[in-house]
Amino acid sequence: NTPMKTKITSLITAGILGTSLASQAATIVYQSDFTGSTVGDAGLESSGSNSGIWNVDTVNDRLNFSASFSTSRATVNNTVGFQSDLITLDVTFNQLGSGTAFTIGLVDADDNRNNGNDFLDTFGQPYAIAFQTDGTSENANSNDDVLMFHNESTTIALSDAQGDITYGQDTTLSITVTANSFSYSLNGAPATTGAITFDTSKNYMFAAYANRGTAAAGSYISNITISVPEPSSTALLGLGGLALALRRRRS
């Protein structure tokens, strides 16, 4: 089998990641486009209930969610967490119809959770920020695809300003979070931003949850990328200047 294009053990320098990181270069800490055979090969693990399952579609190079029953559900996540003051998650996914629902985002890697339930559920679930489709947080705009935040006790709807996804079409989702702000975007639209008190000292990992019936068969994720910023060139120049000054003082 062809090895998966999964980059976990080393940090890989990327280019500029659009407006989410402004003009700052980024480092990719995890990436997979599923050109391989198993979930484990991609540095992920999956668990489910009532025949819900995530598995790799080796023909189309993507991560499929399949469900046999109306109560089928499953979670997939990284096996290793990471920490940064700024994190960007980019995911491409396709929800075939209203027969399924996704929750896709970042969760505390060190917190316990019940994989039989959505990790945005209030009871017994981890610290997380995620985009939820076909959720219960519909507001006056009649949008029910919402960026959500769960602080281990309460689930908060942050924004649905990007509107709803289109069933059966690939959706590109981008979420960026810092200690005091969030932004998210669908399909490259100008990012929606807002204020948040977010604990960036925790270790985070990618997670996706899916549930519901047979219409879910074939819904998939085709790419996952997690990025953190590189040290800015200004900071590096500052350190260089400090080193030069110390050298002159010693001489």
# chains A, B, ... in the order shown; residues from 1 in each chain; ligands from 1
>>> closest_atom_pairs(of="region 162-234 of chain A", to="region 147-152 of chain A", cutoff="9 Å", atoms="only C-alpha atoms", output="CSV")
residue,atom,partner,partner_atom,distance
A:Ile175,CA,A:Leu147,CA,8.8
A:Tyr184,CA,A:Leu147,CA,7.7
A:Ile196,CA,A:Phe149,CA,9.0
A:Phe198,CA,A:Asn151,CA,8.5
>>> write_last_selection(atoms="N, CA, C and O atoms", output="PDB file, in the first residue's frame")
ATOM      1  N   ILE A 175     -10.858  27.239  10.736  1.00  0.00           N
ATOM      2  CA  ILE A 175     -11.070  27.784  12.074  1.00  0.00           C
ATOM      3  C   ILE A 175      -9.714  28.227  12.620  1.00  0.00           C
ATOM      4  O   ILE A 175      -8.754  27.457  12.597  1.00  0.00           O
ATOM      5  N   TYR A 184     -13.660  32.067  11.642  1.00  0.00           N
ATOM      6  CA  TYR A 184     -13.950  30.876  10.851  1.00  0.00           C
ATOM      7  C   TYR A 184     -14.458  31.294   9.486  1.00  0.00           C
ATOM      8  O   TYR A 184     -14.947  32.412   9.302  1.00  0.00           O
ATOM      9  N   ILE A 196     -13.288  35.735  22.235  1.00  0.00           N
ATOM     10  CA  ILE A 196     -13.479  34.505  22.993  1.00  0.00           C
ATOM     11  C   ILE A 196     -12.396  34.446  24.075  1.00  0.00           C
ATOM     12  O   ILE A 196     -11.294  34.971  23.874  1.00  0.00           O
ATOM     13  N   PHE A 198     -10.209  31.794  25.470  1.00  0.00           N
ATOM     14  CA  PHE A 198      -9.858  30.432  25.082  1.00  0.00           C
ATOM     15  C   PHE A 198      -8.529  30.055  25.710  1.00  0.00           C
ATOM     16  O   PHE A 198      -7.557  30.810  25.635  1.00  0.00           O
TER      17      PHE A 198
END
>>> residues_around(residues="region 58-68 of chain A", least_positions_apart="6", cutoff="12 Å", atoms="only C-alpha atoms", output="CSV table (one decimal) with C-alpha atoms, in the first residue's frame")
chain,number,residue,atom,x,y,z
A,1,ASN,CA,0.0,0.0,0.0
A,2,THR,CA,1.1,3.6,-0.7
A,3,PRO,CA,2.1,5.4,2.6
A,4,MET,CA,-0.3,8.1,3.6
A,5,LYS,CA,0.8,11.7,3.2
A,32,SER,CA,-3.3,14.1,5.8
A,33,ASP,CA,-5.1,13.7,2.5
A,34,PHE,CA,-5.7,9.9,3.1
A,35,THR,CA,-3.7,8.4,0.2
A,36,GLY,CA,-3.3,5.2,2.1
A,37,SER,CA,-5.2,2.3,3.7
A,38,THR,CA,-6.1,2.8,7.4
A,39,VAL,CA,-7.1,5.4,9.9
A,40,GLY,CA,-4.2,4.4,12.1
A,41,ASP,CA,-1.7,5.0,9.2
A,42,ALA,CA,-3.0,8.6,9.2
A,44,LEU,CA,-5.8,9.0,13.8
A,45,GLU,CA,-8.0,6.7,15.9
A,46,SER,CA,-11.7,6.1,15.6
A,47,SER,CA,-14.5,4.7,17.9
A,48,GLY,CA,-18.2,4.4,17.3
A,49,SER,CA,-21.5,3.1,18.5
A,50,ASN,CA,-24.3,1.1,16.7
A,51,SER,CA,-22.3,0.4,13.6
A,52,GLY,CA,-21.1,4.0,13.1
A,74,ALA,CA,-18.6,7.7,15.6
A,75,THR,CA,-15.7,9.9,16.5
A,76,VAL,CA,-12.2,10.2,14.9
A,77,ASN,CA,-9.3,12.2,16.3
A,91,VAL,CA,-10.7,20.7,6.8
A,92,THR,CA,-12.4,19.7,3.5
A,93,PHE,CA,-15.6,17.6,4.0
A,94,ASN,CA,-18.8,16.6,2.2
A,95,GLN,CA,-22.1,16.0,4.0
A,96,LEU,CA,-24.3,14.1,1.5
A,99,GLY,CA,-29.6,12.3,7.2
A,100,THR,CA,-26.2,12.9,9.0
A,101,ALA,CA,-24.6,15.7,11.0
A,102,PHE,CA,-21.0,16.6,11.6
A,170,ASP,CA,-17.2,19.7,-0.9
A,208,ALA,CA,-14.7,14.9,14.0
A,209,TYR,CA,-18.0,13.4,15.2
A,210,ALA,CA,-20.8,12.2,12.9
A,211,ASN,CA,-24.2,10.7,13.6
A,212,ARG,CA,-27.6,9.6,12.2
A,213,GLY,CA,-28.9,7.2,9.7
A,214,THR,CA,-28.2,5.5,6.4
A,215,ALA,CA,-28.2,8.7,4.4
A,216,ALA,CA,-24.8,9.3,6.1
A,217,ALA,CA,-23.2,6.5,4.1
A,218,GLY,CA,-20.5,8.1,1.9
A,219,SER,CA,-20.2,11.4,3.7
A,220,TYR,CA,-16.5,12.1,4.0
A,221,ILE,CA,-13.5,14.2,5.0
A,222,SER,CA,-10.9,14.5,2.2
A,223,ASN,CA,-8.2,16.7,3.8
A,224,ILE,CA,-7.1,17.8,7.3
>>> closest_atom_pairs(of="region 82-156 of chain A", to="region 164-167 of chain A", cutoff="10 Å", atoms="only C-alpha atoms", output="JSON lines")
{"residue": "A:Asn94", "atom": "CA", "partner": "A:Tyr167", "partner_atom": "CA", "distance": 7.2}
{"residue": "A:Gln95", "atom": "CA", "partner": "A:Tyr167", "partner_atom": "CA", "distance": 5.4}
{"residue": "A:Leu96", "atom": "CA", "partner": "A:Tyr167", "partner_atom": "CA", "distance": 5.1}
{"residue": "A:Gly97", "atom": "CA", "partner": "A:Tyr167", "partner_atom": "CA", "distance": 5.1}
{"residue": "A:Ser98", "atom": "CA", "partner": "A:Tyr167", "partner_atom": "CA", "distance": 7.5}
{"residue": "A:Thr133", "atom": "CA", "partner": "A:Asp164", "partner_atom": "CA", "distance": 7.7}
{"residue": "A:Asp134", "atom": "CA", "partner": "A:Asp164", "partner_atom": "CA", "distance": 8.6}
{"residue": "A:Ser142", "atom": "CA", "partner": "A:Asp164", "partner_atom": "CA", "distance": 9.2}
{"residue": "A:Asn143", "atom": "CA", "partner": "A:Asp164", "partner_atom": "CA", "distance": 5.9}
{"residue": "A:Asp144", "atom": "CA", "partner": "A:Asp164", "partner_atom": "CA", "distance": 6.7}
{"residue": "A:Asp145", "atom": "CA", "partner": "A:Asp164", "partner_atom": "CA", "distance": 5.1}
{"residue": "A:Val146", "atom": "CA", "partner": "A:Asp164", "partner_atom": "CA", "distance": 8.1}
>>> residues_around(residues="region 187-192 of chain A", least_positions_apart="3", cutoff="7 Å", atoms="only C-alpha atoms", output="VMD selection string")
chain A and resid 161 171 to 173 183 to 184
>>> write_last_selection(atoms="N, CA, C and O atoms", output="PDB file, in the first residue's frame")
ATOM      1  N   ALA A 161     -22.667  33.188  11.086  1.00  0.00           N
ATOM      2  CA  ALA A 161     -22.683  34.217  10.058  1.00  0.00           C
ATOM      3  C   ALA A 161     -22.273  33.710   8.681  1.00  0.00           C
ATOM      4  O   ALA A 161     -22.581  34.345   7.665  1.00  0.00           O
ATOM      5  N   THR A 171     -17.052  21.116   1.106  1.00  0.00           N
ATOM      6  CA  THR A 171     -17.004  22.349   1.892  1.00  0.00           C
ATOM      7  C   THR A 171     -15.613  22.484   2.479  1.00  0.00           C
ATOM      8  O   THR A 171     -15.085  21.540   3.067  1.00  0.00           O
ATOM      9  N   THR A 172     -15.001  23.653   2.315  1.00  0.00           N
ATOM     10  CA  THR A 172     -13.724  23.924   2.964  1.00  0.00           C
ATOM     11  C   THR A 172     -13.998  24.764   4.208  1.00  0.00           C
ATOM     12  O   THR A 172     -14.600  25.831   4.132  1.00  0.00           O
ATOM     13  N   LEU A 173     -13.574  24.264   5.344  1.00  0.00           N
ATOM     14  CA  LEU A 173     -13.776  24.913   6.630  1.00  0.00           C
ATOM     15  C   LEU A 173     -12.426  25.339   7.190  1.00  0.00           C
ATOM     16  O   LEU A 173     -11.475  24.564   7.189  1.00  0.00           O
ATOM     17  N   SER A 183     -11.849  33.022  14.565  1.00  0.00           N
ATOM     18  CA  SER A 183     -12.345  33.327  13.222  1.00  0.00           C
ATOM     19  C   SER A 183     -12.674  32.011  12.538  1.00  0.00           C
ATOM     20  O   SER A 183     -12.096  30.972  12.858  1.00  0.00           O
ATOM     21  N   TYR A 184     -13.660  32.067  11.642  1.00  0.00           N
ATOM     22  CA  TYR A 184     -13.950  30.876  10.851  1.00  0.00           C
ATOM     23  C   TYR A 184     -14.458  31.294   9.486  1.00  0.00           C
ATOM     24  O   TYR A 184     -14.947  32.412   9.302  1.00  0.00           O
TER      25      TYR A 184
END
